[in-house]
$ cat my_file.tsv   # TSV, C-alpha atoms
chain	number	residue	atom	x	y	z
A	1	MET	CA	138.69	123.93	54.88
A	2	ALA	CA	136.73	123.87	58.10
A	3	LYS	CA	138.81	123.19	61.18
A	4	SER	CA	135.94	121.47	62.95
A	5	HIS	CA	132.74	119.81	61.84
A	6	LYS	CA	131.00	120.99	65.02
A	7	PRO	CA	129.32	124.11	63.48
A	8	VAL	CA	127.72	121.85	60.86
A	9	VAL	CA	126.06	119.84	63.65
A	10	TRP	CA	125.45	122.82	65.88
A	11	PHE	CA	123.82	125.30	63.56
A	12	PRO	CA	120.86	123.06	62.62
A	13	PHE	CA	120.65	122.01	66.28
A	14	ALA	CA	120.19	125.59	67.45
A	15	ALA	CA	117.87	126.43	64.54
A	16	GLY	CA	115.89	123.25	65.24
A	17	GLY	CA	115.64	124.03	68.95
A	18	THR	CA	114.16	127.41	68.07
A	19	VAL	CA	111.76	125.87	65.54
A	20	ILE	CA	110.64	123.23	68.06
A	21	ALA	CA	110.05	125.90	70.71
A	22	PHE	CA	108.01	128.15	68.39
A	23	CYS	CA	106.15	125.62	66.22
A	24	ILE	CA	105.86	122.16	67.78
A	25	PRO	CA	103.61	123.02	70.80
A	26	VAL	CA	100.88	124.50	68.58
A	27	ILE	CA	101.13	121.61	66.09
A	28	VAL	CA	100.78	119.15	68.98
A	29	VAL	CA	97.65	121.05	70.09
A	30	LEU	CA	96.17	120.70	66.58
A	31	THR	CA	96.71	116.91	66.34
A	32	PHE	CA	95.65	116.58	70.00
A	33	LEU	CA	92.30	118.15	69.04
A	34	ALA	CA	92.08	115.56	66.25
A	35	ALA	CA	92.93	112.82	68.77
A	36	LEU	CA	90.04	114.04	70.93
A	37	GLY	CA	87.72	113.80	67.94
A	38	HIS	CA	87.46	117.55	67.22
A	39	VAL	CA	89.39	117.71	63.95
A	40	PRO	CA	90.15	121.40	63.24
A	41	SER	CA	88.88	122.46	59.80
A	42	GLY	CA	92.48	123.26	58.81
A	43	LEU	CA	93.39	119.57	59.13
A	44	SER	CA	90.81	118.48	56.54
A	45	TYR	CA	92.29	116.73	53.50
A	46	GLU	CA	91.41	119.62	51.17
A	47	ARG	CA	93.06	122.32	53.31
A	48	MET	CA	96.13	120.24	54.26
A	49	HIS	CA	96.59	119.14	50.63
A	50	ALA	CA	96.30	122.73	49.43
A	51	PHE	CA	98.81	123.91	52.07
A	52	ALA	CA	101.31	121.13	51.37
A	53	GLY	CA	100.74	121.66	47.64
A	54	SER	CA	101.89	125.29	47.68
A	55	GLY	CA	105.56	126.14	47.42
A	56	LEU	CA	105.57	128.11	50.67
A	57	GLY	CA	103.70	125.30	52.46
A	58	LYS	CA	106.23	122.72	51.26
A	59	LEU	CA	109.08	124.94	52.44
A	60	ILE	CA	107.51	125.45	55.89
A	61	ILE	CA	106.67	121.76	56.39
A	62	PHE	CA	110.11	120.60	55.24
A	63	GLY	CA	111.92	123.26	57.25
A	64	VAL	CA	110.03	122.51	60.47
A	65	LEU	CA	110.39	118.73	60.10
A	66	ALA	CA	114.03	118.58	58.99
A	67	LEU	CA	115.29	121.04	61.62
A	68	SER	CA	113.20	119.48	64.43
A	69	LEU	CA	114.39	115.99	63.48
A	70	TRP	CA	118.04	117.05	63.41
A	71	SER	CA	117.77	118.92	66.70
A	72	SER	CA	116.09	115.95	68.38
A	73	ALA	CA	118.69	113.55	66.97
A	74	HIS	CA	121.52	115.69	68.34
A	75	ARG	CA	119.90	116.01	71.74
A	76	LEU	CA	119.11	112.28	71.83
A	77	ARG	CA	122.79	111.63	71.17
A	78	CYS	CA	123.73	113.74	74.20
A	79	THR	CA	121.01	112.03	76.25
A	80	PHE	CA	122.41	108.58	75.41
A	81	TYR	CA	125.81	109.76	76.63
A	82	ASP	CA	124.29	111.24	79.81
A	83	PHE	CA	122.56	107.94	80.57
A	84	GLY	CA	125.92	106.18	80.45
A	85	VAL	CA	126.03	104.90	76.85
A	86	ARG	CA	129.61	105.61	75.79
A	87	ALA	CA	129.43	104.29	72.20
A	88	ASP	CA	129.09	107.88	70.98
A	89	THR	CA	130.28	107.35	67.38
A	90	LEU	CA	127.76	104.56	66.84
A	91	VAL	CA	124.91	106.47	68.54
A	92	ALA	CA	125.70	109.66	66.61
A	93	THR	CA	125.90	107.84	63.27
A	94	VAL	CA	122.61	105.99	63.78
A	95	LEU	CA	120.70	109.08	64.98
A	96	TYR	CA	122.03	111.55	62.38
A	97	VAL	CA	121.45	109.04	59.56
A	98	ALA	CA	117.90	108.44	60.86
A	99	ALA	CA	117.23	112.20	60.92
A	100	ILE	CA	118.59	112.63	57.38
A	101	VAL	CA	116.60	109.64	56.06
A	102	ALA	CA	113.37	110.95	57.65
A	103	SER	CA	114.04	114.42	56.18
A	104	ILE	CA	114.63	113.01	52.68
A	105	ALA	CA	111.47	110.90	53.06
A	106	SER	CA	109.44	114.02	53.97
A	107	ALA	CA	110.87	115.85	50.94
A	108	LEU	CA	109.85	112.95	48.67
A	109	PHE	CA	106.33	112.83	50.19
A	110	LEU	CA	106.01	116.60	49.71
A	111	LEU	CA	107.05	116.34	46.06
A	112	ARG	CA	104.27	113.80	45.51
A	113	ILE	CA	101.61	116.20	46.81
B	1	MET	CA	157.32	110.85	94.12
B	2	SER	CA	154.21	111.81	92.21
B	3	ARG	CA	150.92	112.07	93.95
B	4	ASN	CA	148.04	109.82	93.08
B	5	PRO	CA	146.00	111.36	90.27
B	6	LEU	CA	142.66	112.78	91.30
B	7	VAL	CA	139.91	110.41	90.27
B	8	ARG	CA	136.38	111.62	90.85
B	9	GLU	CA	133.91	108.81	91.29
B	10	VAL	CA	131.00	109.70	89.01
B	11	PRO	CA	128.32	107.04	88.64
B	12	PRO	CA	127.74	106.99	84.86
B	13	THR	CA	123.99	106.28	84.98
B	14	THR	CA	122.75	107.90	88.19
B	15	TRP	CA	124.88	111.07	88.43
B	16	PHE	CA	121.96	113.38	87.73
B	17	PHE	CA	120.20	112.45	90.99
B	18	ARG	CA	122.98	114.19	92.90
B	19	HIS	CA	121.78	117.73	92.42
B	20	PRO	CA	118.41	119.28	91.48
B	21	ARG	CA	120.20	121.29	88.80
B	22	TYR	CA	121.37	118.08	87.10
B	23	LEU	CA	117.84	116.72	87.35
B	24	ARG	CA	116.42	119.82	85.66
B	25	TYR	CA	119.05	119.49	82.95
B	26	MET	CA	118.10	115.85	82.35
B	27	SER	CA	114.36	116.56	82.31
B	28	ARG	CA	115.03	119.17	79.63
B	29	GLU	CA	117.16	116.75	77.65
B	30	ILE	CA	114.66	113.87	77.71
B	31	THR	CA	111.96	116.07	76.17
B	32	CYS	CA	113.71	115.26	72.87
B	33	ILE	CA	112.53	111.63	73.11
B	34	PHE	CA	108.89	112.74	72.83
B	35	ILE	CA	109.65	115.47	70.28
B	36	ALA	CA	111.53	112.98	68.08
B	37	ALA	CA	108.71	110.41	68.32
B	38	TYR	CA	106.16	113.11	67.51
B	39	CYS	CA	108.17	114.29	64.47
B	40	VAL	CA	108.30	110.70	63.19
B	41	MET	CA	104.51	110.63	63.58
B	42	LEU	CA	104.30	113.84	61.50
B	43	VAL	CA	106.46	112.26	58.76
B	44	VAL	CA	104.05	109.28	58.72
B	45	GLY	CA	101.16	111.78	58.48
B	46	LEU	CA	102.86	113.45	55.51
B	47	GLN	CA	103.12	110.07	53.80
B	48	ARG	CA	99.40	109.49	54.45
B	49	LEU	CA	98.58	112.95	53.07
B	50	ALA	CA	100.52	112.15	49.88
B	51	ALA	CA	98.66	108.82	49.58
B	52	GLY	CA	95.26	110.47	49.14
B	53	PRO	CA	92.07	111.50	50.97
B	54	ALA	CA	91.19	108.02	52.30
B	55	ALA	CA	94.68	107.47	53.71
B	56	TRP	CA	94.67	110.95	55.35
B	57	ASP	CA	91.26	110.39	56.96
B	58	GLY	CA	92.51	107.00	58.16
B	59	PHE	CA	95.50	108.74	59.75
B	60	LEU	CA	93.26	111.25	61.54
B	61	LEU	CA	91.01	108.41	62.71
B	62	ALA	CA	94.00	106.41	63.96
B	63	LEU	CA	94.90	109.36	66.22
B	64	ARG	CA	91.69	108.78	68.16
B	65	SER	CA	92.85	106.21	70.70
B	66	ALA	CA	93.57	106.34	74.42
B	67	ASP	CA	97.27	105.64	73.75
B	68	SER	CA	97.39	108.50	71.27
B	69	ILE	CA	95.78	110.90	73.75
B	70	VAL	CA	98.33	109.95	76.44
B	71	PHE	CA	101.15	110.30	73.91
B	72	HIS	CA	99.87	113.73	72.86
B	73	LEU	CA	99.73	114.89	76.49
B	74	LEU	CA	103.33	113.74	77.04
B	75	ALA	CA	104.45	115.35	73.77
B	76	LEU	CA	102.65	118.59	74.67
B	77	ALA	CA	104.27	118.70	78.12
B	78	ALA	CA	107.67	118.00	76.54
B	79	ALA	CA	107.19	120.66	73.85
B	80	LEU	CA	106.06	123.29	76.37
B	81	TYR	CA	108.94	122.49	78.73
B	82	HIS	CA	111.40	122.66	75.85
B	83	ALA	CA	109.93	125.98	74.70
B	84	ALA	CA	110.06	127.54	78.18
B	85	THR	CA	113.65	126.43	78.85
B	86	TRP	CA	114.70	127.49	75.35
B	87	PHE	CA	113.22	130.98	75.65
B	88	ASN	CA	114.64	131.40	79.17
B	89	ALA	CA	118.07	130.50	77.79
B	90	THR	CA	117.95	133.07	74.96
B	91	GLN	CA	118.95	135.90	77.29
B	92	LYS	CA	122.16	134.01	78.13
B	93	ALA	CA	122.78	132.73	74.61
B	94	MET	CA	122.39	136.06	72.81
B	95	PRO	CA	122.74	139.07	75.11
B	96	ILE	CA	122.03	142.34	73.27
B	97	GLN	CA	124.14	145.39	73.99
B	98	ILE	CA	122.92	148.90	73.20
B	99	GLY	CA	125.61	151.50	73.76
B	100	GLU	CA	127.16	150.90	77.18
B	101	ASP	CA	124.32	148.84	78.59
B	102	PHE	CA	122.99	145.37	78.06
B	103	VAL	CA	119.28	144.95	77.33
B	104	PRO	CA	117.72	143.30	80.45
B	105	GLY	CA	117.47	139.53	80.07
B	106	SER	CA	113.78	139.55	80.94
B	107	VAL	CA	113.10	141.77	77.90
B	108	ILE	CA	114.88	139.33	75.54
B	109	SER	CA	113.11	136.26	76.91
B	110	GLY	CA	109.84	138.15	77.23
B	111	ALA	CA	109.97	139.18	73.55
B	112	HIS	CA	110.35	135.50	72.62
B	113	TYR	CA	107.31	134.56	74.74
B	114	VAL	CA	105.23	137.31	73.12
B	115	ALA	CA	106.27	136.24	69.60
B	116	TRP	CA	105.52	132.62	70.53
B	117	ALA	CA	102.03	133.50	71.79
B	118	VAL	CA	101.24	135.58	68.69
B	119	LEU	CA	102.47	132.84	66.32
B	120	SER	CA	100.61	130.07	68.19
B	121	ILE	CA	97.32	132.00	68.27
B	122	ALA	CA	97.70	132.86	64.55
B	123	VAL	CA	98.31	129.20	63.64
B	124	LEU	CA	95.35	128.05	65.77
B	125	TYR	CA	93.17	130.70	64.14
B	126	PHE	CA	94.14	129.86	60.55
B	127	ALA	CA	93.81	126.12	61.26
B	128	GLY	CA	90.25	126.76	62.42
B	129	ALA	CA	90.84	125.48	65.97
B	130	PHE	CA	88.48	128.15	67.33
$ encode --input "my_file.tsv" --output "structure tokens"
Amino acid sequence: MAKSHKPVVWFPFAAGGTVIAFCIPVIVVLTFLAALGHVPSGLSYERMHAFAGSGLGKLIIFGVLALSLWSSAHRLRCTFYDFGVRADTLVATVLYVAAIVASIASALFLLRI
Amino acid sequence: MSRNPLVREVPPTTWFFRHPRYLRYMSREITCIFIAAYCVMLVVGLQRLAAGPAAWDGFLLALRSADSIVFHLLALAAALYHAATWFNATQKAMPIQIGEDFVPGSVISGAHYVAWAVLSIAVLYFAGAF
């Protein structure tokens, strides 16, 4: 039996931090181009649907989203504490549950594609 | 006679203004607010993609507002700041030893920056951004 549950929280946090650093800036650039009205051809319905329809695409999208969500939830928890909110158990529960729910939702959306 | 215990007065909400280092730490930490909001937006986008072509085009169209552009700029700044601080930390988090010597930290962080640039350019290229 594990002596601490910390590695369970920490491993996806570190993996998510790495995923955010490598992947999120370029994804933000892509949707930023769409926000400016220059939708990249890769964001067309056909290409996005084909990407999210492939097994590898599903794995990449789910991996990036789930790990980024978990990492952000963990860091938000620390940020709440740093801003003086001391109800850590409540904050942690709400944020981790939100990250898990959003990850399950993305998995369900992916399965529908 | 016991001495009075040492009690450090730490203001719980304004402590990070005391030192630039704390301020840098907090600015790194609050990037997660924008990253989290952006990830939620991506999950919504995934739902729109699953709902069909009209819903997806509606999602792309909804991105085209002044609020969205401001949000994207904030999210981009947050993501870049997170990436830079994360890659700079790798040399402390995972030092590599070869024989007697440690690989210089700048090489470890530098390798991450190079990999990041290659990956980002590849994604932009395959997504047809240029």
$ interface_residues --input "my_file.tsv" --of "chain B" --to "chain A" --cutoff "6 Å" --atoms "only C-alpha atoms" --output "PDB file with C-alpha atoms, in the coordinates of the input"
ATOM      1  CA  PRO B  12     127.740 106.990  84.860  1.00  0.00           C
ATOM      2  CA  THR B  13     123.990 106.280  84.980  1.00  0.00           C
ATOM      3  CA  CYS B  32     113.710 115.260  72.870  1.00  0.00           C
ATOM      4  CA  ALA B  36     111.530 112.980  68.080  1.00  0.00           C
ATOM      5  CA  VAL B  43     106.460 112.260  58.760  1.00  0.00           C
ATOM      6  CA  GLN B  47     103.120 110.070  53.800  1.00  0.00           C
ATOM      7  CA  ALA B  50     100.520 112.150  49.880  1.00  0.00           C
ATOM      8  CA  PRO B  53      92.070 111.500  50.970  1.00  0.00           C
ATOM      9  CA  LEU B  63      94.900 109.360  66.220  1.00  0.00           C
ATOM     10  CA  ARG B  64      91.690 108.780  68.160  1.00  0.00           C
ATOM     11  CA  HIS B  72      99.870 113.730  72.860  1.00  0.00           C
ATOM     12  CA  LEU B  76     102.650 118.590  74.670  1.00  0.00           C
ATOM     13  CA  ALA B  79     107.190 120.660  73.850  1.00  0.00           C
ATOM     14  CA  ALA B  83     109.930 125.980  74.700  1.00  0.00           C
ATOM     15  CA  TRP B 116     105.520 132.620  70.530  1.00  0.00           C
ATOM     16  CA  SER B 120     100.610 130.070  68.190  1.00  0.00           C
ATOM     17  CA  ALA B 127      93.810 126.120  61.260  1.00  0.00           C
ATOM     18  CA  GLY B 128      90.250 126.760  62.420  1.00  0.00           C
ATOM     19  CA  ALA B 129      90.840 125.480  65.970  1.00  0.00           C
TER      20      ALA B 129
END
$ closest_residue --input "my_file.tsv" --among "B:Glu9, B:Ala117, B:Leu73, B:Gly45" --to "B:Leu61" --atoms "all atoms listed in the file"
B:Gly45
$ atom_distance --input "my_file.tsv" --atom1 "atom CA of B:Val10" --atom2 "atom CA of A:Pro7"
29.4 Å
$ atom_distance --input "my_file.tsv" --atom1 "atom CA of A:Ala15" --atom2 "atom CA of B:Tyr125"
25.1 Å
$ atom_distance --input "my_file.tsv" --atom1 "atom CA of A:Tyr96" --atom2 "atom CA of A:Trp10"
12.3 Å
$ closest_residue --input "my_file.tsv" --among "B:Val118, B:Ala54, B:Leu60, B:Ile108" --to "B:Leu42" --atoms "all atoms listed in the file"
B:Leu60
$ axis_aligned_box --input "my_file.tsv" --around "stretch 29-47 of chain B" --padding-each-side "8 Å" --output "JSON"
{"center_x": 109.2, "center_y": 113.0, "center_z": 65.8, "size_x": 32.0, "size_y": 23.5, "size_z": 39.9}
$ residues_around --input "my_file.tsv" --residues "B:Val107" --least-positions-apart "2" --cutoff "12 Å" --atoms "only C-alpha atoms" --output "MDAnalysis selection string"
chainID B and resid 87:88 90:92 95:96 102:105 109:114
